[in-house]
file my_file26.cif (mmCIF, C-alpha atoms and all ligand atoms)
data_work
#
loop_
_atom_site.label_atom_id
_atom_site.label_comp_id
_atom_site.auth_asym_id
_atom_site.auth_seq_id
_atom_site.Cartn_x
_atom_site.Cartn_y
_atom_site.Cartn_z
CA MET A 1 19.54 -57.34 -16.74
CA LEU A 2 19.35 -58.42 -20.34
CA ASN A 3 23.05 -58.74 -21.07
CA TRP A 4 23.58 -61.59 -18.63
CA THR A 5 26.23 -63.26 -20.79
CA SER A 6 28.77 -60.77 -19.41
CA ASN A 7 28.25 -62.42 -15.98
CA ILE A 8 29.30 -65.87 -17.14
CA LYS A 9 33.01 -65.31 -16.39
CA ALA A 10 32.20 -64.12 -12.85
CA LEU A 11 30.01 -67.20 -12.38
CA GLN A 12 32.84 -69.48 -13.54
CA ASP A 13 35.20 -67.81 -11.05
CA LEU A 14 32.75 -68.29 -8.18
CA LEU A 15 32.19 -71.93 -9.12
CA GLY A 16 35.93 -72.54 -9.42
CA ASN A 17 36.43 -71.47 -5.81
CA ALA A 18 33.39 -73.16 -4.23
CA ARG A 19 33.45 -76.39 -2.25
CA HIS A 20 29.98 -76.53 -0.68
CA CYS A 21 27.11 -75.17 -2.75
CA LEU A 22 23.58 -74.51 -1.66
CA VAL A 23 20.69 -74.24 -4.15
CA VAL A 24 17.51 -72.69 -2.78
CA SER A 25 14.15 -71.76 -4.26
CA HIS A 26 10.92 -70.18 -3.11
CA MET A 27 8.26 -71.17 -0.58
CA ASN A 28 5.63 -73.55 -1.98
CA PRO A 29 7.99 -74.65 -4.76
CA ASP A 30 6.22 -75.14 -8.10
CA GLY A 31 7.26 -77.02 -11.25
CA ASP A 32 9.71 -74.33 -12.33
CA ALA A 33 11.28 -73.92 -8.87
CA VAL A 34 11.79 -77.67 -8.49
CA GLY A 35 12.72 -78.33 -12.14
CA ALA A 36 15.27 -75.50 -12.35
CA SER A 37 16.84 -76.32 -8.96
CA LEU A 38 17.22 -80.03 -9.66
CA ALA A 39 18.55 -79.49 -13.19
CA TRP A 40 21.11 -77.00 -11.82
CA TRP A 41 22.03 -79.49 -9.08
CA SER A 42 22.50 -82.22 -11.68
CA TYR A 43 24.68 -80.00 -13.87
CA LEU A 44 26.84 -78.78 -10.95
CA LYS A 45 27.44 -82.33 -9.77
CA ALA A 46 28.52 -83.40 -13.25
CA ALA A 47 30.69 -80.34 -13.92
CA TYR A 48 32.29 -80.12 -10.46
CA PRO A 49 32.50 -83.67 -9.10
CA ASP A 50 34.49 -82.59 -6.02
CA MET A 51 31.93 -80.00 -4.99
CA GLU A 52 29.15 -80.83 -2.54
CA VAL A 53 25.77 -79.56 -3.78
CA ARG A 54 22.54 -79.56 -1.77
CA VAL A 55 19.06 -78.39 -2.74
CA VAL A 56 16.91 -76.93 0.03
CA PHE A 57 13.34 -75.67 -0.38
CA PRO A 58 11.57 -73.70 2.39
CA ASN A 59 8.83 -76.35 2.51
CA LYS A 60 7.89 -79.60 0.78
CA TYR A 61 7.31 -79.70 -2.98
CA PRO A 62 4.02 -81.22 -4.19
CA GLU A 63 3.90 -84.97 -4.66
CA PHE A 64 3.40 -84.78 -8.43
CA LEU A 65 7.00 -83.47 -8.75
CA GLY A 66 8.54 -86.17 -6.56
CA TRP A 67 9.55 -88.37 -9.54
CA ILE A 68 12.05 -85.82 -10.93
CA GLU A 69 15.68 -86.98 -10.76
CA GLY A 70 17.25 -85.70 -7.55
CA ALA A 71 13.94 -84.83 -5.85
CA ASP A 72 14.61 -87.46 -3.21
CA GLN A 73 17.77 -85.66 -2.01
CA ALA A 74 16.13 -82.20 -1.85
CA ILE A 75 15.40 -81.04 1.67
CA ALA A 76 12.28 -79.26 2.94
CA TYR A 77 13.70 -76.81 5.50
CA ALA A 78 10.44 -76.63 7.47
CA ASP A 79 10.67 -80.38 8.20
CA LYS A 80 14.41 -80.61 8.98
CA LYS A 81 15.52 -77.31 10.44
CA GLU A 82 18.20 -78.49 12.85
CA ALA A 83 19.71 -81.12 10.54
CA THR A 84 19.91 -78.63 7.64
CA GLN A 85 21.26 -75.64 9.54
CA SER A 86 24.80 -76.99 9.93
CA TYR A 87 25.15 -77.49 6.16
CA ILE A 88 23.63 -74.12 5.41
CA LYS A 89 26.13 -72.46 7.74
CA THR A 90 29.14 -74.12 6.08
CA CYS A 91 28.21 -73.51 2.44
CA ASP A 92 30.45 -71.12 0.53
CA LEU A 93 28.23 -70.34 -2.46
CA ILE A 94 24.47 -69.92 -2.65
CA PHE A 95 22.28 -70.16 -5.74
CA CYS A 96 18.86 -68.52 -5.49
CA LEU A 97 16.53 -69.80 -8.19
CA ASP A 98 13.11 -68.62 -9.35
CA PHE A 99 12.48 -65.77 -6.91
CA ASN A 100 13.58 -62.16 -6.72
CA SER A 101 13.62 -61.27 -3.03
CA ILE A 102 14.91 -63.17 0.03
CA ASP A 103 11.59 -62.76 1.84
CA ARG A 104 10.19 -65.39 -0.56
CA LEU A 105 12.28 -67.96 1.38
CA ASP A 106 10.33 -67.53 4.60
CA ALA A 107 12.30 -68.96 7.61
CA LEU A 108 14.99 -70.38 5.30
CA GLY A 109 16.00 -66.80 4.47
CA GLU A 110 16.91 -66.14 8.11
CA ALA A 111 19.02 -69.32 8.23
CA LEU A 112 21.28 -68.27 5.33
CA PRO A 113 24.89 -67.29 6.17
CA ASP A 114 25.77 -63.58 6.17
CA ARG A 115 26.57 -61.67 3.01
CA SER A 116 30.23 -62.75 3.02
CA VAL A 117 28.97 -65.91 1.27
CA PRO A 118 28.14 -64.92 -2.32
CA ARG A 119 24.53 -65.21 -3.45
CA VAL A 120 23.91 -65.82 -7.14
CA LEU A 121 20.43 -65.11 -8.47
CA ILE A 122 19.02 -66.97 -11.49
CA ASP A 123 15.48 -65.74 -12.05
CA HIS A 124 12.89 -64.45 -14.50
CA HIS A 125 10.74 -62.25 -12.25
CA LEU A 126 10.59 -58.50 -12.62
CA GLN A 127 12.39 -56.13 -10.24
CA PRO A 128 15.00 -58.20 -8.33
CA THR A 129 15.95 -56.73 -4.93
CA PRO A 130 19.57 -55.96 -3.96
CA ASP A 131 19.70 -59.18 -1.86
CA PHE A 132 22.11 -60.82 -4.36
CA ASP A 133 25.77 -60.46 -5.39
CA LEU A 134 25.71 -61.80 -8.95
CA ILE A 135 22.43 -61.35 -10.77
CA PHE A 136 21.09 -63.33 -13.71
CA SER A 137 17.66 -61.75 -14.09
CA ASP A 138 15.74 -61.65 -17.36
CA ALA A 139 11.96 -61.29 -17.46
CA LEU A 140 11.94 -62.32 -21.12
CA MET A 141 12.83 -65.87 -20.10
CA SER A 142 9.76 -68.12 -20.09
CA SER A 143 10.93 -69.80 -16.91
CA THR A 144 13.89 -70.08 -14.60
CA SER A 145 14.38 -73.53 -16.13
CA GLU A 146 14.95 -71.89 -19.52
CA PHE A 147 17.45 -69.54 -17.89
CA VAL A 148 19.30 -72.44 -16.23
CA TYR A 149 19.46 -74.19 -19.60
CA ARG A 150 20.87 -71.10 -21.32
CA ILE A 151 23.47 -70.61 -18.59
CA VAL A 152 24.53 -74.28 -18.81
CA VAL A 153 24.90 -73.87 -22.58
CA ALA A 154 26.90 -70.64 -22.10
CA LEU A 155 29.17 -72.49 -19.66
CA GLY A 156 29.79 -75.14 -22.33
CA GLY A 157 28.00 -77.69 -20.17
CA LYS A 158 25.32 -78.99 -22.56
CA PRO A 159 27.10 -82.36 -23.03
CA LEU A 160 26.84 -82.86 -19.25
CA LEU A 161 23.03 -82.65 -19.20
CA THR A 162 21.53 -86.04 -18.42
CA LYS A 163 18.09 -87.19 -19.52
CA GLY A 164 17.01 -86.65 -15.89
CA ALA A 165 18.20 -83.04 -15.96
CA ALA A 166 16.47 -82.51 -19.32
CA GLU A 167 13.23 -83.85 -17.80
CA ALA A 168 13.57 -81.47 -14.85
CA LEU A 169 14.08 -78.54 -17.23
CA TYR A 170 11.07 -79.58 -19.30
CA VAL A 171 8.85 -79.69 -16.21
CA GLY A 172 9.78 -76.06 -15.46
CA LEU A 173 9.32 -74.99 -19.06
CA MET A 174 5.98 -76.77 -19.45
CA THR A 175 4.44 -75.63 -16.15
CA ASP A 176 5.57 -71.98 -16.27
CA THR A 177 4.25 -71.57 -19.82
CA GLY A 178 0.95 -73.43 -19.28
CA SER A 179 2.18 -76.00 -21.82
CA PHE A 180 3.43 -73.24 -24.17
CA CYS A 181 0.18 -71.23 -24.04
CA PHE A 182 1.74 -68.11 -22.45
CA SER A 183 5.08 -66.55 -21.44
CA VAL A 184 6.78 -67.84 -24.58
CA ARG A 185 8.31 -64.64 -25.88
CA THR A 186 10.99 -65.80 -28.29
CA PRO A 187 11.36 -68.68 -30.78
CA ASP A 188 14.39 -69.77 -28.74
CA THR A 189 12.05 -71.20 -26.10
CA PHE A 190 10.73 -73.71 -28.65
CA ARG A 191 14.31 -74.43 -29.74
CA MET A 192 15.12 -75.27 -26.13
CA ALA A 193 12.16 -77.65 -26.02
CA ALA A 194 13.46 -79.29 -29.20
CA ASP A 195 16.92 -79.64 -27.61
CA LEU A 196 15.34 -81.36 -24.60
CA VAL A 197 13.52 -83.79 -26.90
CA GLU A 198 16.90 -84.52 -28.51
CA LEU A 199 18.27 -85.25 -25.04
CA GLY A 200 15.74 -88.06 -24.81
CA ILE A 201 12.78 -86.68 -22.84
CA ASP A 202 9.31 -88.11 -23.44
CA LYS A 203 7.16 -84.98 -23.31
CA ASP A 204 3.83 -86.87 -23.25
CA GLU A 205 4.98 -88.98 -20.34
CA ILE A 206 6.10 -85.87 -18.41
CA ALA A 207 2.78 -84.09 -19.05
CA GLY A 208 0.97 -87.18 -17.78
CA LYS A 209 3.06 -87.35 -14.62
CA VAL A 210 2.56 -83.67 -13.81
CA TYR A 211 -1.02 -83.01 -14.93
CA ASP A 212 -2.83 -86.35 -14.82
CA SER A 213 -1.93 -87.03 -11.24
CA TYR A 214 -4.94 -85.68 -9.34
CA SER A 215 -6.21 -87.53 -6.32
CA GLU A 216 -9.99 -87.99 -6.35
CA LYS A 217 -10.26 -85.45 -3.51
CA ARG A 218 -8.30 -82.87 -5.46
CA MET A 219 -10.55 -83.32 -8.50
CA ARG A 220 -13.63 -82.89 -6.30
CA LEU A 221 -12.10 -79.80 -4.69
CA LEU A 222 -11.71 -78.31 -8.17
CA GLY A 223 -15.35 -79.13 -8.94
CA TYR A 224 -16.43 -77.53 -5.67
CA CYS A 225 -14.39 -74.40 -6.42
CA LEU A 226 -15.93 -73.93 -9.86
CA HIS A 227 -19.50 -74.85 -8.94
CA GLU A 228 -19.87 -73.41 -5.45
CA LYS A 229 -17.08 -70.93 -4.84
CA MET A 230 -16.30 -69.00 -8.01
CA ARG A 231 -17.71 -65.48 -7.98
CA VAL A 232 -17.83 -63.68 -11.30
CA PHE A 233 -17.97 -59.89 -11.75
CA PRO A 234 -18.95 -59.37 -15.41
CA LYS A 235 -18.67 -55.56 -15.30
CA GLN A 236 -15.07 -55.77 -14.06
CA LYS A 237 -14.31 -58.86 -16.18
CA ALA A 238 -13.05 -60.50 -13.01
CA ALA A 239 -13.61 -63.60 -10.90
CA TYR A 240 -12.32 -65.01 -7.66
CA ILE A 241 -12.38 -68.24 -5.66
CA SER A 242 -11.79 -68.25 -1.91
CA LEU A 243 -11.12 -71.30 0.26
CA SER A 244 -11.08 -71.47 4.04
CA ARG A 245 -8.92 -73.92 5.98
CA ARG A 246 -12.04 -75.86 6.89
CA GLU A 247 -13.00 -76.27 3.25
CA LEU A 248 -9.44 -77.34 2.38
CA ASP A 249 -9.45 -79.83 5.26
CA ASP A 250 -12.81 -81.22 4.10
CA PHE A 251 -11.08 -82.20 0.85
CA CYS A 252 -7.95 -83.57 2.62
CA PHE A 253 -5.82 -80.78 1.17
CA GLN A 254 -2.20 -81.68 0.27
CA PRO A 255 0.48 -79.16 -0.79
CA GLY A 256 0.05 -78.39 -4.48
CA ASP A 257 -3.62 -79.41 -4.58
CA THR A 258 -4.81 -75.92 -5.58
CA GLU A 259 -1.95 -75.43 -8.08
CA GLY A 260 -3.44 -74.17 -11.33
CA PHE A 261 -6.95 -73.59 -9.94
CA VAL A 262 -6.58 -69.81 -10.31
CA ASN A 263 -6.26 -70.23 -14.08
CA PHE A 264 -9.68 -71.84 -14.58
CA PRO A 265 -11.84 -68.66 -14.36
CA LEU A 266 -9.74 -67.19 -17.20
CA SER A 267 -11.27 -69.82 -19.47
CA ILE A 268 -14.48 -67.77 -19.30
CA LYS A 269 -14.38 -65.66 -22.44
CA LYS A 270 -15.05 -62.35 -20.75
CA VAL A 271 -12.95 -62.84 -17.63
CA THR A 272 -9.51 -61.22 -17.84
CA LEU A 273 -8.60 -61.15 -14.13
CA SER A 274 -8.74 -64.09 -11.74
CA ALA A 275 -7.85 -64.44 -8.07
CA LEU A 276 -7.57 -67.35 -5.66
CA PHE A 277 -7.59 -66.75 -1.91
CA THR A 278 -6.60 -69.59 0.43
CA GLU A 279 -6.41 -69.39 4.19
CA SER A 280 -2.94 -70.33 5.48
CA GLN A 281 -2.54 -73.43 7.65
CA ASP A 282 -1.83 -71.39 10.81
CA LYS A 283 -4.64 -68.98 9.82
CA THR A 284 -2.29 -65.98 10.13
CA HIS A 285 -2.86 -64.78 6.59
CA ILE A 286 -4.50 -65.41 3.24
CA ARG A 287 -2.38 -66.59 0.31
CA VAL A 288 -3.28 -64.62 -2.78
CA SER A 289 -2.77 -65.84 -6.36
CA LEU A 290 -3.56 -63.52 -9.25
CA ARG A 291 -3.72 -64.17 -12.99
CA SER A 292 -4.62 -62.01 -15.97
CA LYS A 293 -4.88 -62.63 -19.68
CA GLY A 294 -3.89 -60.23 -22.44
CA LYS A 295 -1.33 -57.48 -22.59
CA THR A 296 -3.04 -54.66 -20.67
CA LEU A 297 -3.57 -55.81 -17.08
CA SER A 298 -0.45 -56.34 -14.95
CA VAL A 299 -1.19 -58.49 -11.92
CA ASN A 300 2.42 -57.91 -10.83
CA GLU A 301 1.42 -54.27 -10.24
CA LEU A 302 -1.81 -55.31 -8.51
CA ALA A 303 0.04 -57.75 -6.22
CA ARG A 304 2.67 -55.15 -5.34
CA LYS A 305 0.14 -52.41 -4.70
CA TYR A 306 -2.42 -54.35 -2.67
CA PHE A 307 -0.99 -57.69 -1.47
CA ASN A 308 2.67 -57.20 -0.39
CA GLY A 309 3.67 -59.37 -3.31
CA GLY A 310 4.73 -59.42 -6.94
CA GLY A 311 5.52 -61.82 -9.76
CA HIS A 312 5.05 -61.51 -13.50
CA PHE A 313 2.80 -59.43 -15.75
CA ASN A 314 0.16 -62.19 -16.08
CA ALA A 315 0.87 -64.28 -12.94
CA ALA A 316 1.58 -62.93 -9.49
CA GLY A 317 0.93 -63.56 -5.84
CA GLY A 318 1.08 -62.10 -2.38
CA LYS A 319 -0.41 -62.19 1.10
CA TYR A 320 -3.27 -60.53 2.93
CA PHE A 321 -2.99 -60.29 6.71
CA ASN A 322 -6.59 -60.47 7.87
CA SER A 323 -9.57 -62.81 7.63
CA LEU A 324 -10.79 -64.52 4.47
CA LYS A 325 -14.09 -62.60 4.62
CA ASN A 326 -12.22 -59.29 4.82
CA CYS A 327 -9.96 -60.36 1.98
CA GLU A 328 -13.00 -60.94 -0.23
CA ALA A 329 -14.44 -57.53 0.67
CA TYR A 330 -11.03 -55.88 0.16
CA PHE A 331 -10.72 -57.44 -3.32
CA GLU A 332 -14.26 -56.44 -4.29
CA ASN A 333 -13.42 -52.86 -3.32
CA ILE A 334 -10.27 -53.02 -5.43
CA LEU A 335 -12.38 -54.21 -8.36
CA LYS A 336 -14.76 -51.27 -7.90
CA SER A 337 -12.00 -48.69 -7.59
CA GLU A 338 -9.59 -49.99 -10.26
CA PHE A 339 -11.91 -51.29 -12.97
P1 LIG B 401 1.37 -68.43 -7.56
O1 LIG B 401 0.10 -67.70 -7.73
O2 LIG B 401 1.49 -69.56 -8.52
O3 LIG B 401 1.69 -68.80 -6.15
O4 LIG B 401 2.51 -67.41 -7.95
C1 LIG B 401 2.48 -66.77 -9.20
C2 LIG B 401 3.72 -65.94 -9.37
O5 LIG B 401 3.74 -64.90 -8.40
C3 LIG B 401 4.99 -66.71 -9.17
O6 LIG B 401 5.86 -66.32 -10.20
C4 LIG B 401 5.51 -66.31 -7.84
O7 LIG B 401 6.87 -66.29 -7.81
C5 LIG B 401 4.92 -64.94 -7.61
N1 LIG B 401 4.51 -64.82 -6.20
C6 LIG B 401 3.65 -65.61 -5.55
N2 LIG B 401 3.52 -65.24 -4.26
C7 LIG B 401 4.33 -64.17 -4.09
C8 LIG B 401 4.66 -63.35 -2.97
O8 LIG B 401 4.16 -63.53 -1.84
N3 LIG B 401 5.56 -62.34 -3.19
C9 LIG B 401 6.11 -62.12 -4.41
N4 LIG B 401 6.97 -61.10 -4.55
N5 LIG B 401 5.84 -62.88 -5.48
C10 LIG B 401 4.96 -63.89 -5.34
MN MN B 402 9.19 -69.51 -12.50
#

call {"tool": "encode", "arguments": {"input": "my_file26.cif", "output": "C-alpha cells"}}
result
Amino acid sequence: MLNWTSNIKALQDLLGNARHCLVVSHMNPDGDAVGASLAWWSYLKAAYPDMEVRVVFPNKYPEFLGWIEGADQAIAYADKKEATQSYIKTCDLIFCLDFNSIDRLDALGEALPDRSVPRVLIDHHLQPTPDFDLIFSDALMSSTSEFVYRIVVALGGKPLLTKGAAEALYVGLMTDTGSFCFSVRTPDTFRMAADLVELGIDKDEIAGKVYDSYSEKRMRLLGYCLHEKMRVFPKQKAAYISLSRRELDDFCFQPGDTEGFVNFPLSIKKVTLSALFTESQDKTHIRVSLRSKGKTLSVNELARKYFNGGGHFNAAGGKYFNSLKNCEAYFENILKSEF
C-alpha cells in the first residue's frame, strides 16, 4: 500500500477515541522491532497524555537494546503472561509493528482481544495478511522505524519527538539497513537520519552500544561458527551455518547472541546466499534465517516456499519442523534443485 498518507485521517480518528493502547511487535524482537515500538510509545505518550500506552513483545529483547528509552517498561509476554493478560484484554486499540502476520506473535497472538478491537499495522514487509483493520504497509521503507518517523511527521508530531525517541528510531534505521549498506531505497532515508542527528542523537555512541557490546562468549561463538561450522557451496554460491542447542549452551547462549551471524558468509565474494539454522530451546523446530545479496535472489520467496516463513527480498526467515541434521540435508537438496 504505497499511498499510506490517505490513512492518516483514519489513524487520527482511532487515536482520538482510544484510552488504552497496546503496541506489539514480533517474536525475538530485533533493533527495528524494539526501536520502532519504543519510539511510537514515546510519541503516543507525548501526543495523548491521557491515554495509557503499553509495549508488549512476545519474548525478551536482547540485552544490547536494553538502554533505549522506555525499554524498561516494555513487557516480555513469555515471562509475565498472567500479569499482562488483563491489560491486553482491556485495550481498545492495538498497534502491530514490524511484522505482517499475527502468527509472528507466537502465544501473544492468541492473547489479543477479538477483532472488535481495531488492529493497526505499521510495517515494511511484503505481503501483509488480512489480520489488520488499518494497514500502513510499504516495502520501500528501509525499516519500520522509518515508517513510524514518517507517520509521526504526517501527524504533525515531529516537535514531540524526544532525543530518546530519536535514538530509538536510529537504532531501527541503523540495524535494518546494516548501517546504511542495504535496504536504503530513497534519498529520504538519509534525510531522516539527518533529522535524527538534528534531534540530538550521537550516532557513534549508538553504534557502539548496539554493535560493540559482545560478551566474550558471543565473540567466541562467532569464531566457532566461521571456523568450524560454516559450509560453503561454491557451485551454488551459497553457505550455511547450523547450531545445535548443545553448541549454543556450550557458549552460554543469550537471546540476540546470533543476531547478524547469518550476514558474515555474504562477505565471501562469491557467496550470494547465506543461511543460519539454530535449534529452538524446546527442540521442537529449527529457526531459519536467510540472507541474499544482489537484486536477483529473493530469500522472501525461498522462505515462503520451503520454510513456512517470509520477510524481505534480501532478508527473510522461517521455521523447519524436524531435526537439525534433516534441516541441513533439506537445505542442501534445495541448493541442488534451485541453483
Ligand atoms: P531474521 O533472520 O533476522 O530472524 O529475520 C529476517 C527477516 O525475516 C525479518 O524481517 C523477519 O521479520 C522475517 N522473518 C523471520 N522469521 C520469520 C518467520 O518465521 N516468518 C515470517 N513470515 N517472517 C520471518
Ligand atoms: Mn524491520

call {"tool": "residues_near_ligand", "arguments": {"input": "my_file26.cif", "ligand": "ligand MN 402 (chain B)", "cutoff": "8 Å", "atoms": "only C-alpha atoms and all ligand atoms", "output": "VMD selection string"}}
result
chain A and resid 30 to 33 98 to 99 123 to 125 142 to 145 172 176

call {"tool": "closest_residue", "arguments": {"input": "my_file26.cif", "among": "A:Lys283, A:Arg54, A:Arg104, A:Lys217", "to": "ligand LIG 401 (chain B)", "atoms": "all atoms listed in the file"}}
result
A:Arg104

call {"tool": "residues_around", "arguments": {"input": "my_file26.cif", "residues": "Lys163 (chain A)", "least_positions_apart": "3", "cutoff": "8 Å", "atoms": "all atoms listed in the file", "output": "ChimeraX atom specification"}}
result
/A:166-167,199-201

call {"tool": "axis_aligned_box", "arguments": {"input": "my_file26.cif", "around": "ligand LIG 401 (chain B)", "padding_each_side": "3 Å", "output": "lines of an AutoDock Vina configuration file"}}
result
center_x = 3.5
center_y = -65.3
center_z = -6.0
size_x = 12.9
size_y = 14.5
size_z = 14.4

call {"tool": "closest_residue", "arguments": {"input": "my_file26.cif", "among": "A:Phe95, A:Tyr306, A:Tyr170, A:Phe136", "to": "Ile68 (chain A)", "atoms": "only C-alpha atoms"}}
result
A:Tyr170

call {"tool": "closest_atom_pairs", "arguments": {"input": "my_file26.cif", "of": "chain A", "to": "ligand LIG 401 (chain B)", "cutoff": "7 Å", "atoms": "only C-alpha atoms and all ligand atoms", "output": "tab-separated table"}}
result
residue	atom	partner	partner_atom	distance
A:Asp98	CA	B:LIG401	O7	6.8
A:Phe99	CA	B:LIG401	O7	5.7
A:Ser101	CA	B:LIG401	N4	6.8
A:Arg104	CA	B:LIG401	N3	6.1
A:His125	CA	B:LIG401	O6	6.7
A:Glu259	CA	B:LIG401	O2	6.8
A:Val288	CA	B:LIG401	O1	6.7
A:Ser289	CA	B:LIG401	O1	3.7
A:Leu290	CA	B:LIG401	O1	5.8
A:Asn308	CA	B:LIG401	N3	6.5
A:Gly309	CA	B:LIG401	N3	3.5
A:Gly310	CA	B:LIG401	N4	3.7
A:Gly311	CA	B:LIG401	O5	3.8
A:His312	CA	B:LIG401	O6	5.9
A:Ala315	CA	B:LIG401	C1	4.8
A:Ala316	CA	B:LIG401	O5	3.1
A:Gly317	CA	B:LIG401	C6	3.4
A:Gly318	CA	B:LIG401	O8	3.4
A:Lys319	CA	B:LIG401	O8	5.6

call {"tool": "closest_atom_pairs", "arguments": {"input": "my_file26.cif", "of": "region 123-174 of chain A", "to": "region 6-25 of chain A", "cutoff": "8 Å", "atoms": "all atoms listed in the file", "output": "Markdown table"}}
result
| residue | atom | partner | partner_atom | distance |
| --- | --- | --- | --- | --- |
| A:Leu134 | CA | A:Asn7 | CA | 7.5 |
| A:Ile135 | CA | A:Asn7 | CA | 7.9 |
| A:Phe136 | CA | A:Asn7 | CA | 7.6 |
| A:Ile151 | CA | A:Ile8 | CA | 7.7 |
| A:Ala154 | CA | A:Ile8 | CA | 7.3 |
| A:Leu155 | CA | A:Ile8 | CA | 7.1 |

call {"tool": "atom_distance", "arguments": {"input": "my_file26.cif", "atom1": "CA of Gln281 (chain A)", "atom2": "CA of Leu335 (chain A)"}}
result
26.9 Å

call {"tool": "closest_residue", "arguments": {"input": "my_file26.cif", "among": "A:Ser267, A:Ser179, A:Thr162, A:Thr189", "to": "Ser292 (chain A)", "atoms": "only C-alpha atoms"}}
result
A:Ser267

call {"tool": "closest_residue", "arguments": {"input": "my_file26.cif", "among": "A:Arg231, A:Tyr240, A:Leu222, A:Leu273", "to": "Phe261 (chain A)", "atoms": "all atoms listed in the file"}}
result
A:Leu222

call {"tool": "atom_distance", "arguments": {"input": "my_file26.cif", "atom1": "CA of Thr278 (chain A)", "atom2": "CA of Ser244 (chain A)"}}
result
6.1 Å

call {"tool": "residues_around", "arguments": {"input": "my_file26.cif", "residues": "Ser280 (chain A)", "least_positions_apart": "3", "cutoff": "10 Å", "atoms": "all atoms listed in the file", "output": "PyMOL selection string"}}
result
chain A and resi 243-245+277+283-287+319+324

call {"tool": "write_last_selection", "arguments": {"input": "my_file26.cif", "atoms": "C-alpha atoms", "output": "compact mmCIF listing (two decimals), keeping the file's coordinate frame"}}
result
# COMPACT_ATOMS: atom_id res chain seq x y z
CA LEU A 243 -11.12 -71.30 0.26
CA SER A 244 -11.08 -71.47 4.04
CA ARG A 245 -8.92 -73.92 5.98
CA PHE A 277 -7.59 -66.75 -1.91
CA LYS A 283 -4.64 -68.98 9.82
CA THR A 284 -2.29 -65.98 10.13
CA HIS A 285 -2.86 -64.78 6.59
CA ILE A 286 -4.50 -65.41 3.24
CA ARG A 287 -2.38 -66.59 0.31
CA LYS A 319 -0.41 -62.19 1.10
CA LEU A 324 -10.79 -64.52 4.47

call {"tool": "atom_distance", "arguments": {"input": "my_file26.cif", "atom1": "CA of Thr186 (chain A)", "atom2": "CA of Ala139 (chain A)"}}
result
11.8 Å

call {"tool": "closest_residue", "arguments": {"input": "my_file26.cif", "among": "A:Ala111, A:Val171, A:Met192, A:Val152", "to": "Lys209 (chain A)", "atoms": "all atoms listed in the file"}}
result
A:Val171

call {"tool": "closest_residue", "arguments": {"input": "my_file26.cif", "among": "A:Glu146, A:Glu63, A:Asp195, A:Asp114", "to": "Gly256 (chain A)", "atoms": "only C-alpha atoms"}}
result
A:Glu63

call {"tool": "residues_around", "arguments": {"input": "my_file26.cif", "residues": "Glu110 (chain A)", "least_positions_apart": "5", "cutoff": "12 Å", "atoms": "all atoms listed in the file", "output": "PDB file with C-alpha atoms, in the coordinates of the input"}}
result
ATOM      1  CA  PRO A  58      11.570 -73.700   2.390  1.00  0.00           C
ATOM      2  CA  TYR A  77      13.700 -76.810   5.500  1.00  0.00           C
ATOM      3  CA  LYS A  81      15.520 -77.310  10.440  1.00  0.00           C
ATOM      4  CA  GLN A  85      21.260 -75.640   9.540  1.00  0.00           C
ATOM      5  CA  ILE A  88      23.630 -74.120   5.410  1.00  0.00           C
ATOM      6  CA  LYS A  89      26.130 -72.460   7.740  1.00  0.00           C
ATOM      7  CA  ILE A 102      14.910 -63.170   0.030  1.00  0.00           C
ATOM      8  CA  ASP A 103      11.590 -62.760   1.840  1.00  0.00           C
ATOM      9  CA  ARG A 104      10.190 -65.390  -0.560  1.00  0.00           C
ATOM     10  CA  LEU A 105      12.280 -67.960   1.380  1.00  0.00           C
ATOM     11  CA  ARG A 115      26.570 -61.670   3.010  1.00  0.00           C
TER      12      ARG A 115
END

call {"tool": "residues_around", "arguments": {"input": "my_file26.cif", "residues": "Gln73 (chain A)", "least_positions_apart": "2", "cutoff": "8 Å", "atoms": "all atoms listed in the file", "output": "list in words"}}
result
Arg54, Val55, Gly70, Ala71 and Ile75 of chain A

call {"tool": "decode", "arguments": {"input": "my_file26.cif", "residues": "region 163-169 of chain A", "atoms": "N, CA, C and O atoms", "output": "PDB file, in the first residue's frame"}}
result
ATOM      1  N   LYS A 163      14.774  13.278  22.336  1.00  0.00           N
ATOM      2  CA  LYS A 163      16.070  12.699  21.938  1.00  0.00           C
ATOM      3  C   LYS A 163      16.011  11.180  22.107  1.00  0.00           C
ATOM      4  O   LYS A 163      16.531  10.433  21.275  1.00  0.00           O
ATOM      5  N   GLY A 164      15.361  10.719  23.173  1.00  0.00           N
ATOM      6  CA  GLY A 164      15.236   9.272  23.411  1.00  0.00           C
ATOM      7  C   GLY A 164      14.488   8.573  22.290  1.00  0.00           C
ATOM      8  O   GLY A 164      14.870   7.487  21.849  1.00  0.00           O
ATOM      9  N   ALA A 165      13.411   9.207  21.814  1.00  0.00           N
ATOM     10  CA  ALA A 165      12.650   8.618  20.702  1.00  0.00           C
ATOM     11  C   ALA A 165      13.491   8.624  19.433  1.00  0.00           C
ATOM     12  O   ALA A 165      13.471   7.662  18.654  1.00  0.00           O
ATOM     13  N   ALA A 166      14.243   9.709  19.228  1.00  0.00           N
ATOM     14  CA  ALA A 166      15.107   9.793  18.038  1.00  0.00           C
ATOM     15  C   ALA A 166      16.177   8.691  18.089  1.00  0.00           C
ATOM     16  O   ALA A 166      16.499   8.074  17.069  1.00  0.00           O
ATOM     17  N   GLU A 167      16.695   8.420  19.277  1.00  0.00           N
ATOM     18  CA  GLU A 167      17.687   7.341  19.419  1.00  0.00           C
ATOM     19  C   GLU A 167      17.065   5.988  19.083  1.00  0.00           C
ATOM     20  O   GLU A 167      17.669   5.166  18.395  1.00  0.00           O
ATOM     21  N   ALA A 168      15.841   5.777  19.569  1.00  0.00           N
ATOM     22  CA  ALA A 168      15.145   4.518  19.282  1.00  0.00           C
ATOM     23  C   ALA A 168      14.963   4.349  17.775  1.00  0.00           C
ATOM     24  O   ALA A 168      15.219   3.272  17.210  1.00  0.00           O
ATOM     25  N   LEU A 169      14.539   5.434  17.118  1.00  0.00           N
ATOM     26  CA  LEU A 169      14.330   5.372  15.664  1.00  0.00           C
ATOM     27  C   LEU A 169      15.653   5.093  14.939  1.00  0.00           C
ATOM     28  O   LEU A 169      15.703   4.337  13.977  1.00  0.00           O
TER      29      LEU A 169
END
